[in-house]
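Participant: PDB, C-alpha atoms, file run_19.pdb:
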ATOM      1  CA  MET A   1       2.884 -25.578  35.301
ATOM      2  CA  THR A   2       1.361 -26.251  31.908
ATOM      3  CA  THR A   3       1.750 -23.518  29.306
ATOM      4  CA  GLU A   4      -1.581 -22.075  28.139
ATOM      5  CA  VAL A   5      -1.576 -21.157  24.460
ATOM      6  CA  GLY A   6      -4.166 -18.742  23.037
ATOM      7  CA  VAL A   7      -4.739 -19.019  19.273
ATOM      8  CA  VAL A   8      -6.487 -15.987  17.788
ATOM      9  CA  LEU A   9      -9.426 -16.826  15.552
ATOM     10  CA  PHE A  10     -10.479 -14.216  12.986
ATOM     11  CA  PRO A  11     -13.271 -14.737  10.473
ATOM     12  CA  GLY A  12     -11.285 -16.464   7.713
ATOM     13  CA  SER A  13      -8.527 -17.992   9.837
ATOM     14  CA  ASN A  14      -8.030 -21.629   8.858
ATOM     15  CA  CYS A  15      -4.993 -23.010  10.699
ATOM     16  CA  GLU A  16      -6.142 -22.508  14.284
ATOM     17  CA  HIS A  17      -6.953 -26.176  14.941
ATOM     18  CA  ASP A  18      -3.584 -27.283  13.606
ATOM     19  CA  VAL A  19      -1.855 -24.939  16.061
ATOM     20  CA  VAL A  20      -4.050 -26.099  18.957
ATOM     21  CA  ASP A  21      -3.285 -29.764  18.081
ATOM     22  CA  ALA A  22       0.446 -29.081  17.840
ATOM     23  CA  ALA A  23       0.426 -27.336  21.216
ATOM     24  CA  ARG A  24      -1.392 -30.286  22.842
ATOM     25  CA  LEU A  25       0.984 -32.735  21.183
ATOM     26  CA  LEU A  26       3.802 -30.919  22.941
ATOM     27  CA  GLY A  27       2.099 -31.067  26.324
ATOM     28  CA  ALA A  28       0.720 -27.512  26.421
ATOM     29  CA  ASP A  29      -2.918 -26.549  26.883
ATOM     30  CA  ALA A  30      -4.431 -24.525  24.048
ATOM     31  CA  HIS A  31      -7.678 -22.852  23.093
ATOM     32  CA  THR A  32      -8.860 -20.355  20.507
ATOM     33  CA  LEU A  33      -9.458 -16.671  21.274
ATOM     34  CA  TRP A  34     -12.195 -14.812  19.395
ATOM     35  CA  HIS A  35     -10.961 -11.734  17.513
ATOM     36  CA  GLY A  36     -13.940  -9.690  18.731
ATOM     37  CA  ASP A  37     -13.012 -10.045  22.404
ATOM     38  CA  ALA A  38     -11.063  -7.217  23.979
ATOM     39  CA  THR A  39      -9.079  -9.357  26.445
ATOM     40  CA  LEU A  40      -6.830 -12.405  26.213
ATOM     41  CA  GLY A  41      -7.651 -14.024  29.534
ATOM     42  CA  ALA A  42      -5.001 -16.183  31.184
ATOM     43  CA  VAL A  43      -2.590 -17.183  28.436
ATOM     44  CA  ASP A  44       1.191 -17.591  28.397
ATOM     45  CA  VAL A  45       1.648 -17.563  24.624
ATOM     46  CA  VAL A  46      -0.370 -16.022  21.779
ATOM     47  CA  VAL A  47      -0.310 -17.452  18.256
ATOM     48  CA  ILE A  48      -1.900 -15.718  15.279
ATOM     49  CA  PRO A  49      -2.514 -18.566  12.848
ATOM     50  CA  GLY A  50      -2.621 -18.765   9.071
ATOM     51  CA  GLY A  51      -5.614 -18.247   6.832
ATOM     52  CA  PHE A  52      -7.319 -15.229   5.326
ATOM     53  CA  ALA A  53      -8.349 -13.010   8.241
ATOM     54  CA  HIS A  54     -11.328 -10.862   7.183
ATOM     55  CA  GLY A  55     -10.926 -12.253   3.664
ATOM     56  CA  ASP A  56      -7.581 -10.451   3.248
ATOM     57  CA  TYR A  57      -9.676  -7.508   2.026
ATOM     58  CA  LEU A  58      -7.709  -4.373   1.130
ATOM     59  CA  ARG A  59      -4.399  -6.089   2.045
ATOM     60  CA  PRO A  60      -3.642  -9.203   4.103
ATOM     61  CA  GLY A  61      -3.788  -8.159   7.756
ATOM     62  CA  ALA A  62      -5.043  -4.632   7.048
ATOM     63  CA  ILE A  63      -8.501  -5.186   8.590
ATOM     64  CA  ALA A  64      -7.422  -7.766  11.193
ATOM     65  CA  ARG A  65      -5.214  -5.167  12.763
ATOM     66  CA  PHE A  66      -8.367  -3.311  13.900
ATOM     67  CA  SER A  67     -10.053  -6.338  15.499
ATOM     68  CA  PRO A  68     -10.697  -5.616  19.202
ATOM     69  CA  ILE A  69      -8.336  -8.366  20.375
ATOM     70  CA  MET A  70      -5.343  -6.779  18.643
ATOM     71  CA  ALA A  71      -5.049  -4.046  21.286
ATOM     72  CA  ALA A  72      -4.762  -6.777  23.935
ATOM     73  CA  VAL A  73      -2.256  -8.712  21.795
ATOM     74  CA  THR A  74      -0.196  -5.531  21.390
ATOM     75  CA  ASP A  75      -0.194  -4.883  25.156
ATOM     76  CA  PHE A  76       0.766  -8.515  25.798
ATOM     77  CA  ALA A  77       3.632  -8.271  23.290
ATOM     78  CA  ARG A  78       4.854  -4.926  24.671
ATOM     79  CA  SER A  79       4.966  -6.418  28.172
ATOM     80  CA  GLY A  80       7.213  -9.224  26.918
ATOM     81  CA  GLY A  81       4.630 -11.951  26.257
ATOM     82  CA  PRO A  82       5.538 -14.371  23.455
ATOM     83  CA  VAL A  83       3.524 -13.669  20.288
ATOM     84  CA  VAL A  84       4.027 -15.640  17.082
ATOM     85  CA  GLY A  85       2.339 -14.969  13.754
ATOM     86  CA  ILE A  86       2.394 -17.787  11.217
ATOM     87  CA  CYS A  87       1.803 -16.985   7.523
ATOM     88  CA  ASN A  88      -1.300 -14.725   7.552
ATOM     89  CA  GLY A  89      -0.425 -14.117  11.221
ATOM     90  CA  PHE A  90       2.950 -12.720  10.118
ATOM     91  CA  GLN A  91       1.117 -10.372   7.728
ATOM     92  CA  VAL A  92      -1.146  -9.268  10.587
ATOM     93  CA  LEU A  93       1.855  -8.540  12.837
ATOM     94  CA  THR A  94       3.522  -6.354  10.192
ATOM     95  CA  GLU A  95       0.278  -4.435   9.571
ATOM     96  CA  ALA A  96      -0.084  -3.988  13.335
ATOM     97  CA  ALA A  97       3.490  -2.598  13.409
ATOM     98  CA  LEU A  98       4.587  -5.237  15.925
ATOM     99  CA  LEU A  99       7.133  -6.305  13.297
ATOM    100  CA  PRO A 100       8.767  -4.208  10.551
ATOM    101  CA  GLY A 101       8.486  -4.645   6.796
ATOM    102  CA  ALA A 102       5.662  -5.997   4.676
ATOM    103  CA  LEU A 103       4.741  -9.130   2.746
ATOM    104  CA  GLN A 104       4.133  -8.553  -0.939
ATOM    105  CA  LYS A 105       2.977 -10.899  -3.690
ATOM    106  CA  ASN A 106       5.329 -13.760  -4.487
ATOM    107  CA  LYS A 107       7.836 -13.150  -7.206
ATOM    108  CA  GLY A 108       6.410 -15.028 -10.206
ATOM    109  CA  LEU A 109       2.828 -14.368  -9.062
ATOM    110  CA  LYS A 110       2.248 -17.985  -8.040
ATOM    111  CA  PHE A 111       0.507 -19.295  -4.961
ATOM    112  CA  LEU A 112       3.140 -21.567  -3.411
ATOM    113  CA  CYS A 113       2.244 -24.746  -1.517
ATOM    114  CA  GLU A 114       5.378 -26.828  -1.064
ATOM    115  CA  SER A 115       8.063 -28.070   1.294
ATOM    116  CA  THR A 116      10.933 -25.699   1.921
ATOM    117  CA  THR A 117      14.282 -26.064   3.587
ATOM    118  CA  LEU A 118      14.935 -23.368   6.163
ATOM    119  CA  GLU A 119      18.110 -22.417   7.917
ATOM    120  CA  VAL A 120      17.981 -21.120  11.477
ATOM    121  CA  ALA A 121      19.761 -17.771  11.274
ATOM    122  CA  SER A 122      19.437 -16.503  14.850
ATOM    123  CA  ASP A 123      18.822 -17.941  18.300
ATOM    124  CA  ARG A 124      17.609 -14.560  19.564
ATOM    125  CA  SER A 125      13.902 -15.427  19.549
ATOM    126  CA  VAL A 126      11.319 -17.350  21.569
ATOM    127  CA  MET A 127      11.122 -19.938  18.787
ATOM    128  CA  THR A 128      14.803 -20.524  18.126
ATOM    129  CA  ARG A 129      16.561 -19.935  21.447
ATOM    130  CA  ASP A 130      17.282 -23.665  21.881
ATOM    131  CA  ILE A 131      18.212 -24.378  18.265
ATOM    132  CA  ALA A 132      21.762 -24.223  16.911
ATOM    133  CA  ILE A 133      22.311 -21.520  14.300
ATOM    134  CA  GLY A 134      22.736 -23.146  10.900
ATOM    135  CA  SER A 135      20.320 -26.004  11.681
ATOM    136  CA  ARG A 136      18.208 -26.958   8.682
ATOM    137  CA  LEU A 137      14.483 -27.570   8.978
ATOM    138  CA  ASN A 138      12.050 -29.003   6.446
ATOM    139  CA  ILE A 139       8.785 -27.036   6.829
ATOM    140  CA  PRO A 140       6.032 -26.307   4.279
ATOM    141  CA  ILE A 141       4.870 -22.939   2.988
ATOM    142  CA  ASN A 142       1.379 -22.124   1.715
ATOM    143  CA  HIS A 143       1.012 -18.532   0.589
ATOM    144  CA  PHE A 144       0.545 -15.996  -2.185
ATOM    145  CA  GLU A 145       1.828 -12.936  -0.359
ATOM    146  CA  GLY A 146       4.972 -14.174   1.372
ATOM    147  CA  ASN A 147       7.607 -12.086  -0.357
ATOM    148  CA  PHE A 148       9.111 -10.174   2.564
ATOM    149  CA  THR A 149      10.303  -6.670   1.822
ATOM    150  CA  CYS A 150      11.538  -3.721   3.850
ATOM    151  CA  SER A 151      13.642  -0.595   3.433
ATOM    152  CA  PRO A 152      17.439  -1.027   3.143
ATOM    153  CA  ASP A 153      17.800   0.653   6.579
ATOM    154  CA  THR A 154      15.402  -1.811   8.183
ATOM    155  CA  LEU A 155      17.181  -4.739   6.534
ATOM    156  CA  ARG A 156      20.520  -3.539   7.898
ATOM    157  CA  GLU A 157      18.989  -3.170  11.349
ATOM    158  CA  LEU A 158      17.490  -6.671  11.207
ATOM    159  CA  GLU A 159      20.854  -8.094  10.192
ATOM    160  CA  ASP A 160      22.921  -6.113  12.713
ATOM    161  CA  GLU A 161      20.602  -7.014  15.566
ATOM    162  CA  ARG A 162      20.430 -10.686  14.497
ATOM    163  CA  ARG A 163      16.671 -10.479  14.117
ATOM    164  CA  ILE A 164      16.424 -12.602  10.973
ATOM    165  CA  VAL A 165      15.330 -15.861  12.547
ATOM    166  CA  LEU A 166      14.827 -18.108   9.514
ATOM    167  CA  ARG A 167      16.048 -17.947   5.922
ATOM    168  CA  TYR A 168      15.040 -20.055   2.940
ATOM    169  CA  VAL A 169      17.905 -22.161   1.607
ATOM    170  CA  ASP A 170      16.361 -21.950  -1.881
ATOM    171  CA  ASN A 171      14.364 -18.669  -1.906
ATOM    172  CA  PRO A 172      10.919 -19.607  -3.295
ATOM    173  CA  ASN A 173       9.117 -16.251  -3.284
ATOM    174  CA  GLY A 174      11.626 -13.446  -3.828
ATOM    175  CA  SER A 175      11.932 -12.356  -0.181
ATOM    176  CA  VAL A 176      14.739  -9.874   0.407
ATOM    177  CA  GLY A 177      17.688 -11.649   2.034
ATOM    178  CA  SER A 178      15.789 -14.958   1.607
ATOM    179  CA  ILE A 179      13.964 -14.031   4.814
ATOM    180  CA  ALA A 180      11.367 -16.541   6.008
ATOM    181  CA  GLY A 181      10.963 -15.217   9.554
ATOM    182  CA  ILE A 182      11.984 -12.286  11.747
ATOM    183  CA  THR A 183      11.709 -11.204  15.354
ATOM    184  CA  ASN A 184      11.362  -7.926  17.209
ATOM    185  CA  ARG A 185      14.214  -6.336  19.138
ATOM    186  CA  GLU A 186      13.301  -8.154  22.359
ATOM    187  CA  GLY A 187      12.919 -11.546  20.638
ATOM    188  CA  ASN A 188       9.422 -12.200  22.033
ATOM    189  CA  VAL A 189       7.474 -11.433  18.831
ATOM    190  CA  VAL A 190       8.163 -13.663  15.831
ATOM    191  CA  GLY A 191       6.602 -13.708  12.366
ATOM    192  CA  LEU A 192       7.262 -16.484   9.884
ATOM    193  CA  MET A 193       5.699 -17.540   6.590
ATOM    194  CA  PRO A 194       6.366 -21.317   6.877
ATOM    195  CA  HIS A 195       3.911 -23.452   8.878
ATOM    196  CA  PRO A 196       5.669 -25.338  11.704
ATOM    197  CA  GLU A 197       2.292 -26.699  12.881
ATOM    198  CA  ARG A 198       2.071 -28.616   9.606
ATOM    199  CA  ALA A 199       5.398 -30.355  10.220
ATOM    200  CA  THR A 200       4.595 -32.185  13.430
ATOM    201  CA  SER A 201       4.329 -35.815  12.334
ATOM    202  CA  GLU A 202       6.083 -38.241  10.000
ATOM    203  CA  LEU A 203       2.666 -38.735   8.414
ATOM    204  CA  LEU A 204       2.732 -35.063   7.372
ATOM    205  CA  GLY A 205       6.185 -35.486   5.868
ATOM    206  CA  SER A 206       8.274 -33.827   8.559
ATOM    207  CA  THR A 207       8.530 -33.355  12.303
ATOM    208  CA  ASP A 208      10.912 -30.389  12.061
ATOM    209  CA  GLY A 209       8.184 -27.915  13.056
ATOM    210  CA  LEU A 210       8.220 -29.398  16.535
ATOM    211  CA  SER A 211      11.642 -27.987  17.312
ATOM    212  CA  LEU A 212      10.386 -24.420  16.647
ATOM    213  CA  LEU A 213       7.142 -24.960  18.564
ATOM    214  CA  ARG A 214       8.788 -26.777  21.477
ATOM    215  CA  GLY A 215      10.836 -23.686  22.316
ATOM    216  CA  LEU A 216       7.774 -21.473  22.045
ATOM    217  CA  PHE A 217       5.410 -23.631  24.083
ATOM    218  CA  ALA A 218       8.004 -24.049  26.811
ATOM    219  CA  SER A 219       7.638 -20.282  27.412
TER
ATOM    220  CA  MET B   1     -23.380  23.109   1.210
ATOM    221  CA  TRP B   2     -25.171  21.133   3.950
ATOM    222  CA  HIS B   3     -26.728  22.784   7.007
ATOM    223  CA  ASP B   4     -23.814  21.572   9.153
ATOM    224  CA  GLY B   5     -21.428  23.635   7.074
ATOM    225  CA  THR B   6     -19.959  20.715   5.157
ATOM    226  CA  MET B   7     -20.071  19.901   1.481
ATOM    227  CA  GLU B   8     -19.523  16.645  -0.358
ATOM    228  CA  PHE B   9     -16.350  15.808  -2.213
ATOM    229  CA  ALA B  10     -15.752  13.011  -4.655
ATOM    230  CA  VAL B  11     -12.536  11.295  -3.649
ATOM    231  CA  ARG B  12     -10.384   8.943  -5.674
ATOM    232  CA  VAL B  13      -7.416   7.259  -4.012
ATOM    233  CA  THR B  14      -5.106   5.443  -6.403
ATOM    234  CA  VAL B  15      -2.849   2.972  -4.592
ATOM    235  CA  LYS B  16       0.246   1.849  -6.476
ATOM    236  CA  LEU B  17       3.285  -0.181  -5.565
ATOM    237  CA  ARG B  18       6.250   2.015  -4.720
ATOM    238  CA  GLU B  19       9.099   2.378  -7.167
ATOM    239  CA  GLY B  20      11.444  -0.564  -6.687
ATOM    240  CA  ILE B  21       8.791  -2.900  -5.253
ATOM    241  CA  ALA B  22       8.347  -5.952  -7.457
ATOM    242  CA  ASP B  23       5.079  -5.851  -9.402
ATOM    243  CA  PRO B  24       4.511  -9.416 -10.620
ATOM    244  CA  GLN B  25       1.016  -8.609 -11.922
ATOM    245  CA  GLY B  26       2.348  -5.753 -14.026
ATOM    246  CA  ALA B  27       5.213  -7.897 -15.267
ATOM    247  CA  THR B  28       2.835 -10.692 -16.255
ATOM    248  CA  ILE B  29       0.562  -8.329 -18.177
ATOM    249  CA  GLU B  30       3.579  -6.822 -19.902
ATOM    250  CA  ARG B  31       4.790 -10.253 -20.951
ATOM    251  CA  SER B  32       1.321 -11.229 -22.198
ATOM    252  CA  LEU B  33       0.484  -8.242 -24.396
ATOM    253  CA  PRO B  34       2.969  -9.045 -27.197
ATOM    254  CA  ALA B  35       1.141 -12.374 -27.680
ATOM    255  CA  LEU B  36      -1.856 -10.301 -28.844
ATOM    256  CA  GLY B  37       0.309  -8.250 -31.137
ATOM    257  CA  TYR B  38       0.821  -5.228 -28.872
ATOM    258  CA  ASP B  39       4.569  -4.849 -28.996
ATOM    259  CA  GLY B  40       5.041  -1.264 -27.882
ATOM    260  CA  VAL B  41       4.001  -1.665 -24.247
ATOM    261  CA  SER B  42       6.441  -1.133 -21.405
ATOM    262  CA  ARG B  43       6.462  -0.134 -17.719
ATOM    263  CA  VAL B  44       3.124  -1.766 -16.905
ATOM    264  CA  SER B  45       2.131  -1.384 -13.269
ATOM    265  CA  VAL B  46      -1.000  -2.576 -11.484
ATOM    266  CA  GLY B  47      -2.637  -0.762  -8.590
ATOM    267  CA  LYS B  48      -6.078  -0.266  -7.162
ATOM    268  CA  VAL B  49      -8.596   2.545  -7.106
ATOM    269  CA  ILE B  50     -10.720   3.395  -4.056
ATOM    270  CA  ASP B  51     -13.598   5.832  -4.712
ATOM    271  CA  PHE B  52     -15.804   7.401  -2.070
ATOM    272  CA  THR B  53     -17.698  10.528  -1.106
ATOM    273  CA  LEU B  54     -16.522  12.585   1.835
ATOM    274  CA  ALA B  55     -18.287  15.393   3.723
ATOM    275  CA  ALA B  56     -15.839  18.128   4.717
ATOM    276  CA  THR B  57     -15.829  21.872   5.273
ATOM    277  CA  ASP B  58     -13.484  22.606   2.360
ATOM    278  CA  GLU B  59     -11.214  20.971  -0.147
ATOM    279  CA  ALA B  60      -8.049  21.442   1.891
ATOM    280  CA  SER B  61      -9.468  19.716   4.965
ATOM    281  CA  ALA B  62     -10.927  16.949   2.782
ATOM    282  CA  LYS B  63      -7.485  16.351   1.290
ATOM    283  CA  SER B  64      -5.718  16.251   4.616
ATOM    284  CA  GLU B  65      -8.308  13.855   6.028
ATOM    285  CA  VAL B  66      -7.875  11.531   3.040
ATOM    286  CA  HIS B  67      -4.091  11.579   3.357
ATOM    287  CA  GLU B  68      -4.470  10.630   7.014
ATOM    288  CA  MET B  69      -6.748   7.696   6.038
ATOM    289  CA  CYS B  70      -4.123   6.566   3.555
ATOM    290  CA  GLU B  71      -1.348   6.599   6.139
ATOM    291  CA  LYS B  72      -3.400   4.759   8.742
ATOM    292  CA  PHE B  73      -5.309   2.293   6.632
ATOM    293  CA  LEU B  74      -5.846   2.595   2.896
ATOM    294  CA  ALA B  75      -2.222   1.993   1.910
ATOM    295  CA  ASN B  76       0.811   0.320   3.440
ATOM    296  CA  PRO B  77       3.604   2.911   3.238
ATOM    297  CA  VAL B  78       6.273   0.174   3.282
ATOM    298  CA  ILE B  79       5.266  -0.987  -0.184
ATOM    299  CA  GLU B  80       2.657   1.437  -1.559
ATOM    300  CA  ASP B  81       2.308   5.043  -2.722
ATOM    301  CA  VAL B  82      -0.955   6.927  -3.146
ATOM    302  CA  VAL B  83      -2.320   9.575  -5.457
ATOM    303  CA  VAL B  84      -5.241  11.483  -3.920
ATOM    304  CA  GLU B  85      -7.781  13.338  -6.076
ATOM    305  CA  VAL B  86     -10.486  15.446  -4.436
ATOM    306  CA  ALA B  87     -13.183  17.398  -6.301
ATOM    307  CA  PRO B  88     -16.563  18.888  -5.328
ATOM    308  CA  ALA B  89     -19.162  16.132  -5.791
TER
END
Output the structure of this file as structure tokens.

Facilitator:
Amino acid sequence: MTTEVGVVLFPGSNCEHDVVDAARLLGADAHTLWHGDATLGAVDVVVIPGGFAHGDYLRPGAIARFSPIMAAVTDFARSGGPVVGICNGFQVLTEAALLPGALQKNKGLKFLCESTTLEVASDRSVMTRDIAIGSRLNIPINHFEGNFTCSPDTLRELEDERRIVLRYVDNPNGSVGSIAGITNREGNVVGLMPHPERATSELLGSTDGLSLLRGLFAS
Amino acid sequence: MWHDGTMEFAVRVTVKLREGIADPQGATIERSLPALGYDGVSRVSVGKVIDFTLAATDEASAKSEVHEMCEKFLANPVIEDVVVEVAPA
């Protein structure tokens, strides 16, 4: 059966079509979900894409968290459904308390739009379960607030439970532990700052994003 | 005092990055000021101010309502601290 991917569209999201295209490229079906709807409909995977949901007013993700669809996304995640937040989507998931920590402004106060090399640090997530730990992936970042931070206790917990999914090889933004992506305890909710949907073709400079998305869309 | 028993309070919430959280805006301002000849500046930090008016029965309940707003919405406790000021409007 074909996987149905729901991509949440907030006012200000701007990567939803890239995610839909990537899902179709990998043989899944995909459509966008409006943030103002209270239900998800029949979907197997939910992706919260990048952009500037609700203009990033107050803090990135702070308003998006109250969009009607987020209650349905939270229920879906709590019942084990795969939920991935990319870039702004990661910020939304931390604000919604589906993932711990927070994303603060990049060290150096620069908006970063560049290729990064990532190392897969755990196979305990819906995105990395089929990828060997230590694999290196070339995937771009595009953010101002991507500097992951959390309390020392949370960091220890993330490390002990192998919930750090991706680390930057050359930390571009000051993230604690060079963290580029994390997962929840169950491994079904993942947040990452890099954009795998932008690394799906040689024309875009890399196809390494496909390996992360293939695992997810096979859910 | 309004007929419903409430009065208006002027509220100022100052949101600042918690101690130990990197403040690149503050650091940039601190590095820039000496270029204008201000050499004595240190410990610059940048935050934001949220002002509003709140109807409440008394100052104590106004304060506790504002602190609740801060925890739920106005600040992110992972990275931010708040200072709440409440005064009769």

Participant: Return the neighbours of chain A among the residues of chain B, cut-off 9 Å, counting all atoms listed in the file, as a short mmCIF file (atom, residue, chain, number, x, y, z; two decimals) with C-alpha atoms, keeping the file's coordinate frame.

Facilitator:
data_model
loop_
_atom_site.label_atom_id
_atom_site.label_comp_id
_atom_site.auth_asym_id
_atom_site.auth_seq_id
_atom_site.Cartn_x
_atom_site.Cartn_y
_atom_site.Cartn_z
CA ILE B 21 8.79 -2.90 -5.25
CA ALA B 22 8.35 -5.95 -7.46
CA ASP B 23 5.08 -5.85 -9.40
CA PRO B 24 4.51 -9.42 -10.62
CA GLN B 25 1.02 -8.61 -11.92
CA ALA B 27 5.21 -7.90 -15.27
CA THR B 28 2.84 -10.69 -16.26
CA PHE B 73 -5.31 2.29 6.63
CA LEU B 74 -5.85 2.60 2.90
CA ALA B 75 -2.22 1.99 1.91
CA ASN B 76 0.81 0.32 3.44
CA VAL B 78 6.27 0.17 3.28
CA ILE B 79 5.27 -0.99 -0.18
#

Participant: Find the spatial neighbours of range 57-64 of chain B, counting all atoms listed in the file, within a cut-off of 7 Å - ignore same-chain residues fewer than 2 positions away - and output them as a list of chain:residue names.

Facilitator: B:Gly5, B:Thr6, B:Met7, B:Val66, B:His67, B:Glu68, B:Val86

Participant: Could the residues in this selection be written to a file with C-alpha atoms, as a JSON list (two decimals), in the frame of the given file?

Facilitator:
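Result file follows (out12.json):
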[["chain", "number", "residue", "atom", "x", "y", "z"],
["B", 5, "GLY", "CA", -21.43, 23.64, 7.07],
["B", 6, "THR", "CA", -19.96, 20.72, 5.16],
["B", 7, "MET", "CA", -20.07, 19.90, 1.48],
["B", 66, "VAL", "CA", -7.88, 11.53, 3.04],
["B", 67, "HIS", "CA", -4.09, 11.58, 3.36],
["B", 68, "GLU", "CA", -4.47, 10.63, 7.01],
["B", 86, "VAL", "CA", -10.49, 15.45, -4.44]]

Participant: If I wrap all listed atoms of range 194-204 of chain A in a box with edges along x, y and z and add 4 Å on each side, what are its centre and edge lengths in Å to one decimal, as JSON?

Facilitator:
{"center_x": 4.2, "center_y": -30.0, "center_z": 10.2, "size_x": 12.3, "size_y": 25.4, "size_z": 14.6}

Participant: Under the PyMOL selection byres ((chain B and resi 41-53) around 7), which residues of this model are included? Write them out as a list of chain:residue names.

Facilitator: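 What the PyMOL selection byres ((chain B and resi 41-53) around 7) grabs from the file is B:Glu8, B:Phe9, B:Ala10, B:Val11, B:Arg12, B:Val13, B:Thr14, B:Val15, B:Lys16, B:Leu17, B:Asp23, B:Gln25, B:Gly26, B:Ala27, B:Glu30, B:Tyr38, B:Asp39, B:Gly40, B:Leu54, B:Ala55.
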
Participant: Specify as a list in words each residue included when the PyMOL selection byres ((chain A and resi 80) around 9) is applied to this file.

Facilitator: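 Selected by the PyMOL selection byres ((chain A and resi 80) around 9) in this file: Asp75, Phe76, Ala77, Arg78, Ser79, Gly81, Pro82, Val83, Glu186, Gly187, Asn188 and Val189 of chain A.
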
Participant: Write the residues you've just listed into a file as a JSON list (two decimals), in the coordinates of the input, and include C-alpha atoms for each of them.

Facilitator:
[["chain", "number", "residue", "atom", "x", "y", "z"],
["A", 75, "ASP", "CA", -0.19, -4.88, 25.16],
["A", 76, "PHE", "CA", 0.77, -8.52, 25.80],
["A", 77, "ALA", "CA", 3.63, -8.27, 23.29],
["A", 78, "ARG", "CA", 4.85, -4.93, 24.67],
["A", 79, "SER", "CA", 4.97, -6.42, 28.17],
["A", 81, "GLY", "CA", 4.63, -11.95, 26.26],
["A", 82, "PRO", "CA", 5.54, -14.37, 23.46],
["A", 83, "VAL", "CA", 3.52, -13.67, 20.29],
["A", 186, "GLU", "CA", 13.30, -8.15, 22.36],
["A", 187, "GLY", "CA", 12.92, -11.55, 20.64],
["A", 188, "ASN", "CA", 9.42, -12.20, 22.03],
["A", 189, "VAL", "CA", 7.47, -11.43, 18.83]]

Participant: Go ahead and compute the interatomic distance for CA of Phe52 in chain A and CA of Val7 in chain A, in Å to one decimal.

Facilitator: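 One can read the CA of Phe52 in chain A to CA of Val7 in chain A distance as 14.7 Å.
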
Participant: Residues at most 9 Å from Ile131 in chain A, counting only C-alpha atoms, excluding those fewer than 3 positions away in the same chain, as a PyMOL selection string?

Facilitator: chain A and resi 120+122-123+127-128+134-135+211-212+215

Participant: Ranking A:Pro152, A:Gly89, A:Gly51, A:Pro11 by minimum distance to Gly36 in chain A and counting only C-alpha atoms, which one comes first?

Facilitator: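 Closest residue, counting only C-alpha atoms: A:Pro11.
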
Participant: Record the distance separating CA of Glu159 in chain A and CA of Met193 in chain A, expressed in Å with one decimal.

Facilitator: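 One can read the CA of Glu159 in chain A to CA of Met193 in chain A distance as 18.2 Å.
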
Participant: Hey, which of A:Thr200, A:Ser206, A:Asn171, A:Ser125 ends up closest to Leu25 in chain A? Count only C-alpha atoms.

Facilitator: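 Answer, going by the shortest atom-to-atom distance: A:Thr200.
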
Participant: Separation of CA of Ser13 in chain A and CA of Leu210 in chain A, in Å?

Facilitator: 21.3 Å

Participant: Could you pull the residues within 12 Å of Ser201 in chain A, counting all atoms listed in the file, minus those fewer than 4 positions along the same chain, as a PyMOL selection string?

Facilitator: chain A and resi 18+21-22+25-26+138-139+196-197+205-211

Participant: Counting only C-alpha atoms, what is within 6 Å of range 181-183 of chain A, bar same-chain residues fewer than 2 positions away, as a VMD selection string?

Facilitator: chain A and resid 163 to 166 179 187 189 to 192

Participant: Skip Glu114 in chain A itself and residues of its chain fewer than 3 positions away, then list as a ChimeraX atom specification all residues within 12 Å of it, counting all atoms listed in the file.

Facilitator: /A:110-111,117,138-144,172-173,194-195,198-199,205

Participant: Could you expand the PyMOL selection byres ((chain A and resi 12) around 12) into the explicit residues it covers here, written as a VMD selection string?

Facilitator: chain A and resid 8 to 11 13 to 16 34 to 35 49 to 57 60 to 61 63 to 64 88 to 89
